Amino acid sequence: MAKLLLVEDDGSLRFIIQRCLEIDRHLVDLAETAEEAQNALNANEYDLIVMDWNLPDGSGSELCRRFRGLGGVTPVIMLTARGTKADMVEALDGGADDYVTKPFDAQELLARIRALLRRPKAVIPEKLSSGDFELDPNTLELRIGVDKVQLAPKEFALFELLMRFPNKAFTAEAILHRLWPSDTTSAADTLRTHIKNLRKKLGDSDGSIIRYTRSRGYSFSPKNHLEESI
């Protein structure tokens, strides 16, 4: 699951793109203006940005240029009805990683997004294996030994995050920030409920697989070492 920022002022198109991204298992924050987008970029970290060129209060291309000038490295796909070669050069020179001309096919946009998301993760295997656990983000399948375990989408995203960084502790705040929309009202109680359900499905009654360490947070370990569980 990747966290994306979608910047698009056309409500109908924004809704369509958002639904396609969510079906493709991405978490989506929305912005309708350059100001809203800048505020979101100031407050959050994203895996990818999908940005319209023409916004009510400015240019997406200029916003991208400023973002790069401040050291932003998040991949950016520029959406625009402007299709000349000069426009494409301007967008790419301004820091965009890809350029999609409207109207476009939703599946093509999703394919381009997946291609960009693979770049920084090239060294991370798509299928995660550790001990008896094998997690496949492509099929949304978890196997524990020979057994297949059914996880709810948020449980899968949570376990995927922890498995990608074994023994690394994530605070509740960091997990909520990563796996829930930025404007969510979800709190630590929500996360604890998901942790409880996930532990039950993993057979982790003693909290030794998904471990909790006070002041550090939650981490994944397939080894049976209990630190402090809740």
# chains A, B, ... in the order shown; residues from 1 in each chain; ligands from 1
>>> select_by_dssp(residues="segment 54-222 of chain A", states="helix (DSSP H, G or I)", output="PDB file with N, CA and C atoms, in the first residue's frame")
ATOM      1  N   GLY A  60       0.407  23.649 -11.473  1.00  0.00           N
ATOM      2  CA  GLY A  60       0.977  22.448 -10.894  1.00  0.00           C
ATOM      3  C   GLY A  60       2.443  22.292 -11.256  1.00  0.00           C
ATOM      4  N   SER A  61       2.806  22.759 -12.451  1.00  0.00           N
ATOM      5  CA  SER A  61       4.194  22.691 -12.874  1.00  0.00           C
ATOM      6  C   SER A  61       5.087  23.553 -11.981  1.00  0.00           C
ATOM      7  N   GLU A  62       4.619  24.757 -11.637  1.00  0.00           N
ATOM      8  CA  GLU A  62       5.393  25.629 -10.751  1.00  0.00           C
ATOM      9  C   GLU A  62       5.457  25.062  -9.346  1.00  0.00           C
ATOM     10  N   LEU A  63       4.360  24.456  -8.890  1.00  0.00           N
ATOM     11  CA  LEU A  63       4.357  23.831  -7.572  1.00  0.00           C
ATOM     12  C   LEU A  63       5.369  22.690  -7.530  1.00  0.00           C
ATOM     13  N   CYS A  64       5.421  21.905  -8.594  1.00  0.00           N
ATOM     14  CA  CYS A  64       6.394  20.824  -8.684  1.00  0.00           C
ATOM     15  C   CYS A  64       7.815  21.372  -8.677  1.00  0.00           C
ATOM     16  N   ARG A  65       8.039  22.454  -9.397  1.00  0.00           N
ATOM     17  CA  ARG A  65       9.379  23.062  -9.447  1.00  0.00           C
ATOM     18  C   ARG A  65       9.813  23.530  -8.055  1.00  0.00           C
ATOM     19  N   ARG A  66       8.895  24.170  -7.309  1.00  0.00           N
ATOM     20  CA  ARG A  66       9.227  24.632  -5.957  1.00  0.00           C
ATOM     21  C   ARG A  66       9.505  23.455  -5.033  1.00  0.00           C
ATOM     22  N   PHE A  67       8.701  22.396  -5.197  1.00  0.00           N
ATOM     23  CA  PHE A  67       8.868  21.196  -4.386  1.00  0.00           C
ATOM     24  C   PHE A  67      10.256  20.593  -4.599  1.00  0.00           C
ATOM     25  N   ARG A  68      10.683  20.516  -5.846  1.00  0.00           N
ATOM     26  CA  ARG A  68      12.017  19.995  -6.148  1.00  0.00           C
ATOM     27  C   ARG A  68      13.103  20.943  -5.626  1.00  0.00           C
ATOM     28  N   GLY A  69      12.846  22.228  -5.726  1.00  0.00           N
ATOM     29  CA  GLY A  69      13.821  23.201  -5.254  1.00  0.00           C
ATOM     30  C   GLY A  69      14.069  23.123  -3.765  1.00  0.00           C
ATOM     31  N   LYS A  85       4.839  19.105 -27.462  1.00  0.00           N
ATOM     32  CA  LYS A  85       6.164  18.673 -27.043  1.00  0.00           C
ATOM     33  C   LYS A  85       6.786  19.689 -26.093  1.00  0.00           C
ATOM     34  N   ALA A  86       6.535  20.982 -26.352  1.00  0.00           N
ATOM     35  CA  ALA A  86       7.084  22.028 -25.488  1.00  0.00           C
ATOM     36  C   ALA A  86       6.516  21.931 -24.075  1.00  0.00           C
ATOM     37  N   ASP A  87       5.217  21.611 -23.974  1.00  0.00           N
ATOM     38  CA  ASP A  87       4.598  21.449 -22.657  1.00  0.00           C
ATOM     39  C   ASP A  87       5.221  20.269 -21.910  1.00  0.00           C
ATOM     40  N   MET A  88       5.443  19.165 -22.624  1.00  0.00           N
ATOM     41  CA  MET A  88       6.044  18.004 -21.993  1.00  0.00           C
ATOM     42  C   MET A  88       7.446  18.325 -21.483  1.00  0.00           C
ATOM     43  N   VAL A  89       8.217  19.043 -22.294  1.00  0.00           N
ATOM     44  CA  VAL A  89       9.574  19.418 -21.887  1.00  0.00           C
ATOM     45  C   VAL A  89       9.524  20.305 -20.649  1.00  0.00           C
ATOM     46  N   GLU A  90       8.579  21.247 -20.629  1.00  0.00           N
ATOM     47  CA  GLU A  90       8.462  22.143 -19.475  1.00  0.00           C
ATOM     48  C   GLU A  90       8.139  21.359 -18.207  1.00  0.00           C
ATOM     49  N   ALA A  91       7.212  20.405 -18.316  1.00  0.00           N
ATOM     50  CA  ALA A  91       6.832  19.619 -17.141  1.00  0.00           C
ATOM     51  C   ALA A  91       7.996  18.780 -16.636  1.00  0.00           C
ATOM     52  N   LEU A  92       8.689  18.110 -17.533  1.00  0.00           N
ATOM     53  CA  LEU A  92       9.795  17.248 -17.128  1.00  0.00           C
ATOM     54  C   LEU A  92      10.974  18.073 -16.605  1.00  0.00           C
ATOM     55  N   ASP A  93      11.245  19.195 -17.237  1.00  0.00           N
ATOM     56  CA  ASP A  93      12.321  20.067 -16.747  1.00  0.00           C
ATOM     57  C   ASP A  93      11.971  20.662 -15.395  1.00  0.00           C
ATOM     58  N   ALA A 106      -7.620   5.027 -17.543  1.00  0.00           N
ATOM     59  CA  ALA A 106      -7.315   4.850 -16.125  1.00  0.00           C
ATOM     60  C   ALA A 106      -6.291   3.749 -15.898  1.00  0.00           C
ATOM     61  N   GLN A 107      -6.386   2.661 -16.671  1.00  0.00           N
ATOM     62  CA  GLN A 107      -5.448   1.553 -16.493  1.00  0.00           C
ATOM     63  C   GLN A 107      -4.027   1.960 -16.876  1.00  0.00           C
ATOM     64  N   GLU A 108      -3.906   2.816 -17.869  1.00  0.00           N
ATOM     65  CA  GLU A 108      -2.578   3.310 -18.243  1.00  0.00           C
ATOM     66  C   GLU A 108      -1.998   4.166 -17.113  1.00  0.00           C
ATOM     67  N   LEU A 109      -2.828   5.028 -16.519  1.00  0.00           N
ATOM     68  CA  LEU A 109      -2.361   5.855 -15.408  1.00  0.00           C
ATOM     69  C   LEU A 109      -1.906   4.977 -14.245  1.00  0.00           C
ATOM     70  N   LEU A 110      -2.700   3.949 -13.920  1.00  0.00           N
ATOM     71  CA  LEU A 110      -2.324   3.051 -12.828  1.00  0.00           C
ATOM     72  C   LEU A 110      -1.018   2.330 -13.135  1.00  0.00           C
ATOM     73  N   ALA A 111      -0.817   1.931 -14.382  1.00  0.00           N
ATOM     74  CA  ALA A 111       0.423   1.250 -14.766  1.00  0.00           C
ATOM     75  C   ALA A 111       1.616   2.188 -14.618  1.00  0.00           C
ATOM     76  N   ARG A 112       1.447   3.441 -14.996  1.00  0.00           N
ATOM     77  CA  ARG A 112       2.537   4.409 -14.852  1.00  0.00           C
ATOM     78  C   ARG A 112       2.839   4.667 -13.375  1.00  0.00           C
ATOM     79  N   ILE A 113       1.798   4.701 -12.556  1.00  0.00           N
ATOM     80  CA  ILE A 113       1.992   4.890 -11.115  1.00  0.00           C
ATOM     81  C   ILE A 113       2.757   3.712 -10.531  1.00  0.00           C
ATOM     82  N   ARG A 114       2.356   2.503 -10.904  1.00  0.00           N
ATOM     83  CA  ARG A 114       3.049   1.322 -10.394  1.00  0.00           C
ATOM     84  C   ARG A 114       4.512   1.307 -10.824  1.00  0.00           C
ATOM     85  N   ALA A 115       4.768   1.737 -12.051  1.00  0.00           N
ATOM     86  CA  ALA A 115       6.143   1.766 -12.545  1.00  0.00           C
ATOM     87  C   ALA A 115       7.002   2.735 -11.725  1.00  0.00           C
ATOM     88  N   LEU A 116       6.453   3.910 -11.417  1.00  0.00           N
ATOM     89  CA  LEU A 116       7.205   4.882 -10.620  1.00  0.00           C
ATOM     90  C   LEU A 116       7.383   4.405  -9.181  1.00  0.00           C
ATOM     91  N   LEU A 117       6.369   3.753  -8.634  1.00  0.00           N
ATOM     92  CA  LEU A 117       6.475   3.265  -7.263  1.00  0.00           C
ATOM     93  C   LEU A 117       7.516   2.159  -7.138  1.00  0.00           C
ATOM     94  N   ARG A 118       7.781   1.449  -8.223  1.00  0.00           N
ATOM     95  CA  ARG A 118       8.780   0.381  -8.170  1.00  0.00           C
ATOM     96  C   ARG A 118      10.202   0.920  -8.132  1.00  0.00           C
ATOM     97  N   PRO A 153      -8.254  -5.842   4.581  1.00  0.00           N
ATOM     98  CA  PRO A 153      -7.316  -4.946   3.892  1.00  0.00           C
ATOM     99  C   PRO A 153      -6.405  -4.155   4.827  1.00  0.00           C
ATOM    100  N   LYS A 154      -6.948  -3.600   5.892  1.00  0.00           N
ATOM    101  CA  LYS A 154      -6.112  -2.807   6.802  1.00  0.00           C
ATOM    102  C   LYS A 154      -5.162  -3.695   7.591  1.00  0.00           C
ATOM    103  N   GLU A 155      -5.596  -4.911   7.913  1.00  0.00           N
ATOM    104  CA  GLU A 155      -4.710  -5.861   8.594  1.00  0.00           C
ATOM    105  C   GLU A 155      -3.550  -6.240   7.673  1.00  0.00           C
ATOM    106  N   PHE A 156      -3.866  -6.457   6.399  1.00  0.00           N
ATOM    107  CA  PHE A 156      -2.823  -6.807   5.439  1.00  0.00           C
ATOM    108  C   PHE A 156      -1.818  -5.669   5.315  1.00  0.00           C
ATOM    109  N   ALA A 157      -2.318  -4.432   5.185  1.00  0.00           N
ATOM    110  CA  ALA A 157      -1.426  -3.276   5.049  1.00  0.00           C
ATOM    111  C   ALA A 157      -0.545  -3.120   6.276  1.00  0.00           C
ATOM    112  N   LEU A 158      -1.112  -3.350   7.448  1.00  0.00           N
ATOM    113  CA  LEU A 158      -0.353  -3.236   8.694  1.00  0.00           C
ATOM    114  C   LEU A 158       0.755  -4.287   8.756  1.00  0.00           C
ATOM    115  N   PHE A 159       0.410  -5.543   8.445  1.00  0.00           N
ATOM    116  CA  PHE A 159       1.405  -6.609   8.510  1.00  0.00           C
ATOM    117  C   PHE A 159       2.468  -6.434   7.425  1.00  0.00           C
ATOM    118  N   GLU A 160       2.057  -5.935   6.257  1.00  0.00           N
ATOM    119  CA  GLU A 160       3.019  -5.676   5.183  1.00  0.00           C
ATOM    120  C   GLU A 160       4.041  -4.619   5.618  1.00  0.00           C
ATOM    121  N   LEU A 161       3.567  -3.548   6.243  1.00  0.00           N
ATOM    122  CA  LEU A 161       4.474  -2.506   6.722  1.00  0.00           C
ATOM    123  C   LEU A 161       5.481  -3.078   7.711  1.00  0.00           C
ATOM    124  N   LEU A 162       5.005  -3.849   8.677  1.00  0.00           N
ATOM    125  CA  LEU A 162       5.894  -4.395   9.699  1.00  0.00           C
ATOM    126  C   LEU A 162       6.859  -5.432   9.125  1.00  0.00           C
ATOM    127  N   MET A 163       6.378  -6.237   8.175  1.00  0.00           N
ATOM    128  CA  MET A 163       7.245  -7.267   7.593  1.00  0.00           C
ATOM    129  C   MET A 163       8.338  -6.671   6.718  1.00  0.00           C
ATOM    130  N   ARG A 164       8.048  -5.544   6.083  1.00  0.00           N
ATOM    131  CA  ARG A 164       9.066  -4.922   5.231  1.00  0.00           C
ATOM    132  C   ARG A 164      10.234  -4.382   6.058  1.00  0.00           C
ATOM    133  N   ALA A 172       2.572   4.200  17.350  1.00  0.00           N
ATOM    134  CA  ALA A 172       1.184   4.216  16.892  1.00  0.00           C
ATOM    135  C   ALA A 172       0.940   5.410  15.982  1.00  0.00           C
ATOM    136  N   GLU A 173       1.519   6.546  16.332  1.00  0.00           N
ATOM    137  CA  GLU A 173       1.344   7.751  15.518  1.00  0.00           C
ATOM    138  C   GLU A 173       1.915   7.548  14.113  1.00  0.00           C
ATOM    139  N   ALA A 174       3.089   6.927  14.018  1.00  0.00           N
ATOM    140  CA  ALA A 174       3.710   6.701  12.718  1.00  0.00           C
ATOM    141  C   ALA A 174       2.881   5.752  11.865  1.00  0.00           C
ATOM    142  N   ILE A 175       2.319   4.718  12.479  1.00  0.00           N
ATOM    143  CA  ILE A 175       1.505   3.761  11.725  1.00  0.00           C
ATOM    144  C   ILE A 175       0.206   4.409  11.252  1.00  0.00           C
ATOM    145  N   LEU A 176      -0.441   5.156  12.126  1.00  0.00           N
ATOM    146  CA  LEU A 176      -1.676   5.841  11.732  1.00  0.00           C
ATOM    147  C   LEU A 176      -1.406   6.825  10.601  1.00  0.00           C
ATOM    148  N   HIS A 177      -0.281   7.533  10.690  1.00  0.00           N
ATOM    149  CA  HIS A 177       0.076   8.504   9.658  1.00  0.00           C
ATOM    150  C   HIS A 177       0.314   7.816   8.321  1.00  0.00           C
ATOM    151  N   ARG A 178       0.879   6.607   8.384  1.00  0.00           N
ATOM    152  CA  ARG A 178       1.237   5.894   7.165  1.00  0.00           C
ATOM    153  C   ARG A 178       0.048   5.185   6.529  1.00  0.00           C
ATOM    154  N   LEU A 179      -0.826   4.595   7.321  1.00  0.00           N
ATOM    155  CA  LEU A 179      -1.845   3.691   6.795  1.00  0.00           C
ATOM    156  C   LEU A 179      -3.264   4.249   6.808  1.00  0.00           C
ATOM    157  N   ALA A 188      -5.323   5.843  18.555  1.00  0.00           N
ATOM    158  CA  ALA A 188      -4.550   4.679  18.969  1.00  0.00           C
ATOM    159  C   ALA A 188      -5.449   3.486  19.270  1.00  0.00           C
ATOM    160  N   ASP A 189      -6.670   3.729  19.774  1.00  0.00           N
ATOM    161  CA  ASP A 189      -7.596   2.633  20.060  1.00  0.00           C
ATOM    162  C   ASP A 189      -7.933   1.852  18.788  1.00  0.00           C
ATOM    163  N   THR A 190      -8.083   2.574  17.672  1.00  0.00           N
ATOM    164  CA  THR A 190      -8.360   1.922  16.393  1.00  0.00           C
ATOM    165  C   THR A 190      -7.225   0.995  16.012  1.00  0.00           C
ATOM    166  N   LEU A 191      -5.995   1.487  16.163  1.00  0.00           N
ATOM    167  CA  LEU A 191      -4.837   0.673  15.832  1.00  0.00           C
ATOM    168  C   LEU A 191      -4.742  -0.551  16.741  1.00  0.00           C
ATOM    169  N   ARG A 192      -4.979  -0.360  18.021  1.00  0.00           N
ATOM    170  CA  ARG A 192      -4.901  -1.490  18.943  1.00  0.00           C
ATOM    171  C   ARG A 192      -5.903  -2.581  18.581  1.00  0.00           C
ATOM    172  N   THR A 193      -7.086  -2.175  18.108  1.00  0.00           N
ATOM    173  CA  THR A 193      -8.085  -3.158  17.685  1.00  0.00           C
ATOM    174  C   THR A 193      -7.577  -3.965  16.499  1.00  0.00           C
ATOM    175  N   HIS A 194      -6.960  -3.288  15.528  1.00  0.00           N
ATOM    176  CA  HIS A 194      -6.415  -3.986  14.365  1.00  0.00           C
ATOM    177  C   HIS A 194      -5.258  -4.896  14.762  1.00  0.00           C
ATOM    178  N   ILE A 195      -4.421  -4.434  15.676  1.00  0.00           N
ATOM    179  CA  ILE A 195      -3.313  -5.258  16.157  1.00  0.00           C
ATOM    180  C   ILE A 195      -3.850  -6.520  16.838  1.00  0.00           C
ATOM    181  N   LYS A 196      -4.874  -6.342  17.667  1.00  0.00           N
ATOM    182  CA  LYS A 196      -5.469  -7.478  18.374  1.00  0.00           C
ATOM    183  C   LYS A 196      -6.020  -8.507  17.391  1.00  0.00           C
ATOM    184  N   ASN A 197      -6.760  -8.034  16.383  1.00  0.00           N
ATOM    185  CA  ASN A 197      -7.329  -8.942  15.390  1.00  0.00           C
ATOM    186  C   ASN A 197      -6.243  -9.634  14.578  1.00  0.00           C
ATOM    187  N   LEU A 198      -5.194  -8.867  14.214  1.00  0.00           N
ATOM    188  CA  LEU A 198      -4.106  -9.444  13.431  1.00  0.00           C
ATOM    189  C   LEU A 198      -3.361 -10.504  14.234  1.00  0.00           C
ATOM    190  N   ARG A 199      -3.081 -10.210  15.499  1.00  0.00           N
ATOM    191  CA  ARG A 199      -2.398 -11.193  16.342  1.00  0.00           C
ATOM    192  C   ARG A 199      -3.200 -12.492  16.450  1.00  0.00           C
ATOM    193  N   LYS A 200      -4.513 -12.357  16.553  1.00  0.00           N
ATOM    194  CA  LYS A 200      -5.369 -13.546  16.669  1.00  0.00           C
ATOM    195  C   LYS A 200      -5.243 -14.413  15.426  1.00  0.00           C
ATOM    196  N   LYS A 201      -5.242 -13.787  14.242  1.00  0.00           N
ATOM    197  CA  LYS A 201      -5.136 -14.539  12.998  1.00  0.00           C
ATOM    198  C   LYS A 201      -3.749 -15.143  12.811  1.00  0.00           C
ATOM    199  N   LEU A 202      -2.730 -14.508  13.388  1.00  0.00           N
ATOM    200  CA  LEU A 202      -1.365 -15.019  13.275  1.00  0.00           C
ATOM    201  C   LEU A 202      -1.061 -16.083  14.324  1.00  0.00           C
TER     202      LEU A 202
END
>>> residues_around(residues="Leu5 of chain A", least_positions_apart="3", cutoff="6 Å", atoms="only C-alpha atoms", output="PyMOL selection string")
chain A and resi 28-30+49
>>> residues_around(residues="Leu4 of chain A", least_positions_apart="2", cutoff="7 Å", atoms="only C-alpha atoms", output="list in words")
Ala2, Leu6, His26, Leu27, Val28, Asp29, Tyr46, Asp47, Leu48 and Ile49 of chain A
>>> write_last_selection(atoms="C-alpha atoms", output="PDB file, in the first residue's frame")
ATOM      1  CA  ALA A   2       1.388   3.374  -1.046  1.00  0.00           C
ATOM      2  CA  LEU A   6      -3.922  13.552  -5.711  1.00  0.00           C
ATOM      3  CA  HIS A  26      -3.399   2.935  -2.492  1.00  0.00           C
ATOM      4  CA  LEU A  27      -4.130   5.360   0.315  1.00  0.00           C
ATOM      5  CA  VAL A  28      -5.128   8.738  -1.161  1.00  0.00           C
ATOM      6  CA  ASP A  29      -5.025  12.275   0.219  1.00  0.00           C
ATOM      7  CA  TYR A  46       3.997  10.659   0.201  1.00  0.00           C
ATOM      8  CA  ASP A  47       5.159   7.824  -2.014  1.00  0.00           C
ATOM      9  CA  LEU A  48       3.884   9.545  -5.151  1.00  0.00           C
ATOM     10  CA  ILE A  49       2.066  12.711  -6.251  1.00  0.00           C
TER      11      ILE A  49
END
>>> closest_residue(among="A:Thr101, A:Thr171, A:Ser182, A:Ser205", to="Ser219 of chain A", atoms="only C-alpha atoms")
A:Thr171
>>> residues_around(residues="Gly217 of chain A", least_positions_apart="4", cutoff="6 Å", atoms="only C-alpha atoms", output="VMD selection string")
chain A and resid 169 to 171 212 to 213
>>> write_last_selection(atoms="C-alpha atoms", output="PDB file, in the first residue's frame")
ATOM      1  CA  ALA A 169       9.622  -0.348  15.827  1.00  0.00           C
ATOM      2  CA  PHE A 170       6.840   1.968  14.630  1.00  0.00           C
ATOM      3  CA  THR A 171       4.965   4.193  17.048  1.00  0.00           C
ATOM      4  CA  TYR A 212       5.264  -3.960  21.551  1.00  0.00           C
ATOM      5  CA  THR A 213       7.975  -2.044  23.381  1.00  0.00           C
TER       6      THR A 213
END
>>> select_by_dssp(residues="segment 78-205 of chain A", states="strand (DSSP E or B)", output="list in words")
Met78, Leu79, Thr80, Asp98, Tyr99, Val100, Thr101, Leu128, Ser129, Ser130, Phe133, Glu134, Leu135, Asp136, Glu141, Leu142, Arg143, Ile144, Asp147, Lys148, Val149 and Phe170 of chain A
>>> atom_distance(atom1="atom CA of Asp204 of chain A", atom2="atom CA of Leu151 of chain A")
14.3 Å
